[in-house]
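Worksheet: the structure to be examined is printed underneath.
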Amino acid sequence: MRRGKFITFEGLDGSGKSTQQKKLAAALQREGYRVLRTREPGGTETGERIRKILLDSATAGLASLAEMALMFASRAQHIAQVIEPGLVQGYVVLCDRFTDSTEAYQGGGRKLGSKVVLDLHRILCRGLRPDLTVLLDFHPGMSLGRARRRNRQVAKSGKHEDESRFELENQAFFLRVREAYLEIAKREPDRVVVIDAHGTPAQTHRKIMEAVHNRLKLV
């Protein structure tokens, strides 16, 4: 059985990652591919418990290094239990966030730097590298506004899913995150494609489809 492909979606909260992941999954399935959609932090029972700790606004005083360690704990379990088995079975694995998020948010936003993130990735993730990373580039102020509105809507719905901890950060934090993302794209242009996500979801989807075709010949 031919090994599958690993495609990750990156970007600021509110940039449209989940929407575009769903759209690409549907397009690939129409082409006859088996698709596995997943997310980070999370993707496994253990990972979802860690996600609750990391994203709940009630989690106060979490040290930056502890935050990063929890991200990698979730990721290591995710790779072992979901991502690697999916790839071995020939699935196209679409993951909402991966190590680039840690490098951008903890390395850039928390100012921990890239080296410690990449070192941990090499050790804990055994250097697993996406075949393609779709980076949805969106203005930090606009994406933050979107994310906060989304969280308010979830709160009003009564679903009790508080995932607003990072949205409590100021705009300077998200400017650092975006800058870190763009540095990753500049460093690894063969893997990361930057998509301007300021258009409509349909316009952004067309750009992603073009990138998937040009880079991986899947569609």
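Identifiers in this document derive from the order of the structure tokens: chains are assigned A, B, ..., residues are numbered from 1 separately in each chain, and ligands are numbered from 1 in order of occurrence.
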
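Using only C-alpha atoms, the contacts of Cys95 of chain A at a cut-off of 9 Å, with sequence neighbours closer than 6 positions omitted, comprise Phe6, Ile7, Thr8, Phe9, Glu10, Gln21, Leu36, Arg37, Thr38, Arg39, Glu40, Gly43 and Ile83 of chain A.
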
With N, CA and C atoms retained, write the just-selected residues as a compact mmCIF listing (two decimals), in the first residue's frame.
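See result07.txt below for the written result:
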# COMPACT_ATOMS: atom_id res chain seq x y z
N PHE A 6 0.67 13.91 4.03
CA PHE A 6 0.42 14.64 5.27
C PHE A 6 0.36 16.13 4.94
N ILE A 7 -0.83 16.73 5.08
CA ILE A 7 -1.03 18.15 4.80
C ILE A 7 -1.48 18.85 6.07
N THR A 8 -0.80 19.92 6.43
CA THR A 8 -1.14 20.66 7.63
C THR A 8 -1.66 22.06 7.27
N PHE A 9 -2.52 22.57 8.14
CA PHE A 9 -3.06 23.92 7.99
C PHE A 9 -2.57 24.76 9.16
N GLU A 10 -2.01 25.92 8.82
CA GLU A 10 -1.46 26.80 9.85
C GLU A 10 -2.00 28.22 9.67
N GLN A 21 -9.92 23.30 5.86
CA GLN A 21 -9.63 21.87 6.02
C GLN A 21 -10.82 21.04 5.56
N LEU A 36 -8.34 11.65 6.24
CA LEU A 36 -8.44 11.65 7.69
C LEU A 36 -8.25 13.09 8.17
N ARG A 37 -9.27 13.65 8.80
CA ARG A 37 -9.17 15.00 9.35
C ARG A 37 -8.91 14.94 10.84
N THR A 38 -7.96 15.76 11.30
CA THR A 38 -7.64 15.78 12.72
C THR A 38 -7.14 17.17 13.11
N ARG A 39 -6.81 17.36 14.39
CA ARG A 39 -6.42 18.69 14.85
C ARG A 39 -5.44 18.61 16.02
N GLU A 40 -4.78 19.73 16.24
CA GLU A 40 -3.89 19.88 17.39
C GLU A 40 -4.12 21.23 18.06
N GLY A 43 -6.85 15.50 18.91
CA GLY A 43 -6.76 14.41 17.95
C GLY A 43 -6.85 13.02 18.56
N ILE A 83 -1.73 9.98 13.34
CA ILE A 83 -1.12 10.47 12.11
C ILE A 83 -0.31 9.38 11.40

Which residues come within 8 Å of segment 120-136 of chain A, counting only C-alpha atoms, excluding same-chain residues fewer than 5 positions away, as a ChimeraX atom specification? /A:5-12,15-17,72,75-76,79,99,181,191-197,208,212,215-216

Take the residues that were just selected and, keeping N, CA and C atoms, output them as a compact mmCIF listing (two decimals), in the first residue's frame.
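File part-v4.txt, as written:
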# COMPACT_ATOMS: atom_id res chain seq x y z
N LYS A 5 -0.36 11.01 2.22
CA LYS A 5 0.22 12.35 2.26
C LYS A 5 -0.23 13.07 3.53
N PHE A 6 0.67 13.91 4.03
CA PHE A 6 0.42 14.64 5.27
C PHE A 6 0.36 16.13 4.94
N ILE A 7 -0.83 16.73 5.08
CA ILE A 7 -1.03 18.15 4.80
C ILE A 7 -1.48 18.85 6.07
N THR A 8 -0.80 19.92 6.43
CA THR A 8 -1.14 20.66 7.63
C THR A 8 -1.66 22.06 7.27
N PHE A 9 -2.52 22.57 8.14
CA PHE A 9 -3.06 23.92 7.99
C PHE A 9 -2.57 24.76 9.16
N GLU A 10 -2.01 25.92 8.82
CA GLU A 10 -1.46 26.80 9.85
C GLU A 10 -2.00 28.22 9.67
N GLY A 11 -1.90 29.00 10.73
CA GLY A 11 -2.33 30.38 10.68
C GLY A 11 -2.86 30.83 12.02
N LEU A 12 -3.14 32.10 12.11
CA LEU A 12 -3.69 32.66 13.34
C LEU A 12 -5.10 32.12 13.59
N SER A 15 -8.33 32.60 11.15
CA SER A 15 -7.89 32.76 9.75
C SER A 15 -8.64 31.85 8.79
N GLY A 16 -9.43 30.91 9.32
CA GLY A 16 -10.24 30.05 8.47
C GLY A 16 -9.70 28.65 8.28
N LYS A 17 -8.80 28.18 9.14
CA LYS A 17 -8.18 26.87 8.98
C LYS A 17 -9.20 25.73 8.96
N PHE A 72 3.76 19.44 22.92
CA PHE A 72 4.50 18.31 22.36
C PHE A 72 4.03 16.97 22.93
N ARG A 75 1.16 16.16 20.86
CA ARG A 75 1.60 15.84 19.49
C ARG A 75 2.23 14.45 19.40
N ALA A 76 3.05 14.10 20.36
CA ALA A 76 3.70 12.79 20.32
C ALA A 76 2.66 11.67 20.34
N ILE A 79 0.79 11.64 16.89
CA ILE A 79 1.56 10.99 15.83
C ILE A 79 1.49 9.48 15.96
N THR A 99 3.64 21.25 14.27
CA THR A 99 4.77 21.87 14.97
C THR A 99 4.99 23.34 14.58
N TYR A 181 5.53 32.85 11.68
CA TYR A 181 4.99 32.02 10.60
C TYR A 181 5.64 32.36 9.26
N ARG A 191 8.08 23.39 1.30
CA ARG A 191 7.00 22.75 2.08
C ARG A 191 5.83 23.69 2.34
N VAL A 192 6.10 24.93 2.63
CA VAL A 192 5.06 25.87 3.08
C VAL A 192 4.60 26.76 1.93
N VAL A 193 3.31 26.78 1.69
CA VAL A 193 2.74 27.70 0.71
C VAL A 193 1.89 28.73 1.47
N VAL A 194 2.17 30.00 1.25
CA VAL A 194 1.45 31.07 1.93
C VAL A 194 0.24 31.45 1.08
N ILE A 195 -0.94 31.39 1.69
CA ILE A 195 -2.19 31.71 1.01
C ILE A 195 -2.79 32.96 1.64
N ASP A 196 -3.01 33.99 0.83
CA ASP A 196 -3.69 35.19 1.31
C ASP A 196 -5.15 34.82 1.59
N ALA A 197 -5.54 34.89 2.87
CA ALA A 197 -6.87 34.44 3.28
C ALA A 197 -7.85 35.58 3.49
N ILE A 208 -5.99 27.20 -2.50
CA ILE A 208 -5.46 25.99 -1.85
C ILE A 208 -5.48 24.81 -2.82
N VAL A 212 -2.32 22.55 -3.91
CA VAL A 212 -2.30 21.09 -3.73
C VAL A 212 -2.01 20.40 -5.06
N ARG A 215 1.82 21.26 -6.03
CA ARG A 215 2.84 20.67 -5.15
C ARG A 215 2.74 19.15 -5.06
N LEU A 216 1.51 18.61 -5.00
CA LEU A 216 1.35 17.17 -4.72
C LEU A 216 0.63 16.39 -5.82

Who sits within 12 Å of Tyr105 of chain A, only C-alpha atoms, same chain under 5 positions skipped, as JSON, numbers by chain: {"A": [10, 11, 12, 13, 64, 65, 67, 68, 71, 97, 98, 99, 100, 110, 111, 112, 113, 114, 117, 166, 167, 169, 172, 173, 174, 175, 176, 177, 178, 179, 180, 181]}

For N, CA and C atoms, I'd like the residues from the last selection saved as a short mmCIF file (atom, residue, chain, number, x, y, z; two decimals), in the first residue's frame.
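Dumped everything to part16.cif:
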data_model
loop_
_atom_site.label_atom_id
_atom_site.label_comp_id
_atom_site.auth_asym_id
_atom_site.auth_seq_id
_atom_site.Cartn_x
_atom_site.Cartn_y
_atom_site.Cartn_z
N GLU A 10 -2.01 25.92 8.82
CA GLU A 10 -1.46 26.80 9.85
C GLU A 10 -2.00 28.22 9.67
N GLY A 11 -1.90 29.00 10.73
CA GLY A 11 -2.33 30.38 10.68
C GLY A 11 -2.86 30.83 12.02
N LEU A 12 -3.14 32.10 12.11
CA LEU A 12 -3.69 32.66 13.34
C LEU A 12 -5.10 32.12 13.59
N ASP A 13 -5.52 32.11 14.85
CA ASP A 13 -6.90 31.76 15.16
C ASP A 13 -7.82 32.75 14.45
N SER A 64 5.57 29.37 30.10
CA SER A 64 5.71 29.20 28.65
C SER A 64 6.32 27.85 28.29
N LEU A 65 7.32 27.42 29.06
CA LEU A 65 7.96 26.13 28.78
C LEU A 65 7.00 24.98 29.06
N GLU A 67 3.77 25.18 28.81
CA GLU A 67 2.82 25.24 27.70
C GLU A 67 3.36 24.51 26.48
N MET A 68 4.61 24.77 26.15
CA MET A 68 5.24 24.11 25.01
C MET A 68 5.36 22.60 25.23
N MET A 71 2.08 20.96 24.58
CA MET A 71 1.82 20.89 23.15
C MET A 71 2.51 19.66 22.54
N ARG A 97 -3.19 22.46 12.42
CA ARG A 97 -2.01 22.80 13.26
C ARG A 97 -1.08 21.60 13.44
N PHE A 98 0.21 21.92 13.50
CA PHE A 98 1.26 20.93 13.80
C PHE A 98 2.42 21.71 14.42
N THR A 99 3.64 21.25 14.27
CA THR A 99 4.77 21.87 14.97
C THR A 99 4.99 23.34 14.58
N ASP A 100 4.62 23.73 13.37
CA ASP A 100 4.77 25.14 13.00
C ASP A 100 4.00 26.04 13.96
N ARG A 110 5.64 33.62 22.48
CA ARG A 110 6.16 33.56 23.86
C ARG A 110 7.66 33.87 23.95
N LYS A 111 8.29 34.09 22.81
CA LYS A 111 9.70 34.48 22.72
C LYS A 111 10.66 33.38 23.21
N LEU A 112 10.28 32.11 23.02
CA LEU A 112 11.16 31.01 23.41
C LEU A 112 12.19 30.69 22.33
N GLY A 113 11.96 31.19 21.12
CA GLY A 113 12.88 30.95 20.02
C GLY A 113 12.57 29.66 19.28
N SER A 114 13.13 29.54 18.09
CA SER A 114 12.86 28.39 17.23
C SER A 114 13.66 27.15 17.61
N VAL A 117 12.13 24.54 19.96
CA VAL A 117 10.98 23.89 19.33
C VAL A 117 11.45 22.84 18.33
N PHE A 166 -5.84 31.89 24.48
CA PHE A 166 -4.87 32.62 23.65
C PHE A 166 -5.45 33.94 23.14
N GLU A 167 -6.79 34.00 22.97
CA GLU A 167 -7.39 35.24 22.49
C GLU A 167 -7.32 36.35 23.53
N GLU A 169 -4.56 37.30 24.75
CA GLU A 169 -3.28 37.99 24.50
C GLU A 169 -3.51 39.27 23.70
N ALA A 172 0.18 42.67 20.01
CA ALA A 172 1.63 42.53 19.82
C ALA A 172 2.03 41.06 19.82
N PHE A 173 1.39 40.26 20.66
CA PHE A 173 1.66 38.82 20.69
C PHE A 173 1.37 38.20 19.33
N PHE A 174 0.22 38.54 18.76
CA PHE A 174 -0.17 37.93 17.48
C PHE A 174 0.65 38.47 16.32
N LEU A 175 1.15 39.67 16.43
CA LEU A 175 2.07 40.18 15.41
C LEU A 175 3.35 39.36 15.41
N ARG A 176 3.84 39.00 16.60
CA ARG A 176 5.04 38.14 16.69
C ARG A 176 4.75 36.76 16.13
N VAL A 177 3.56 36.24 16.39
CA VAL A 177 3.19 34.93 15.87
C VAL A 177 3.18 34.95 14.34
N ARG A 178 2.55 35.97 13.77
CA ARG A 178 2.50 36.06 12.30
C ARG A 178 3.89 36.19 11.71
N GLU A 179 4.73 37.00 12.34
CA GLU A 179 6.09 37.17 11.84
C GLU A 179 6.85 35.84 11.88
N ALA A 180 6.64 35.07 12.95
CA ALA A 180 7.31 33.76 13.05
C ALA A 180 6.82 32.82 11.95
N TYR A 181 5.53 32.85 11.68
CA TYR A 181 4.99 32.02 10.60
C TYR A 181 5.64 32.36 9.26
#

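The space separating atom CA of Thr19 of chain A from atom CA of Glu103 of chain A comes to 22.7 Å.
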
With only C-alpha atoms as the counted atoms, please give the residues lying no more than 10 Å from Leu55 of chain A, apart from itself and same-chain residues fewer than 6 positions off, as a ChimeraX atom specification. /A:41,161-167

Test item, alpha helix (DSSP H) assignment across segment 75-210 of chain A, answer as number ranges by chain: A: 75-78, 84-88, 99-102, 114-124, 140-157, 171-187, 201-210

DSSP strand (DSSP E) selection over segment 22-198 of chain A, as a ChimeraX atom specification: /A:35-39,92-96,132-137,192-196
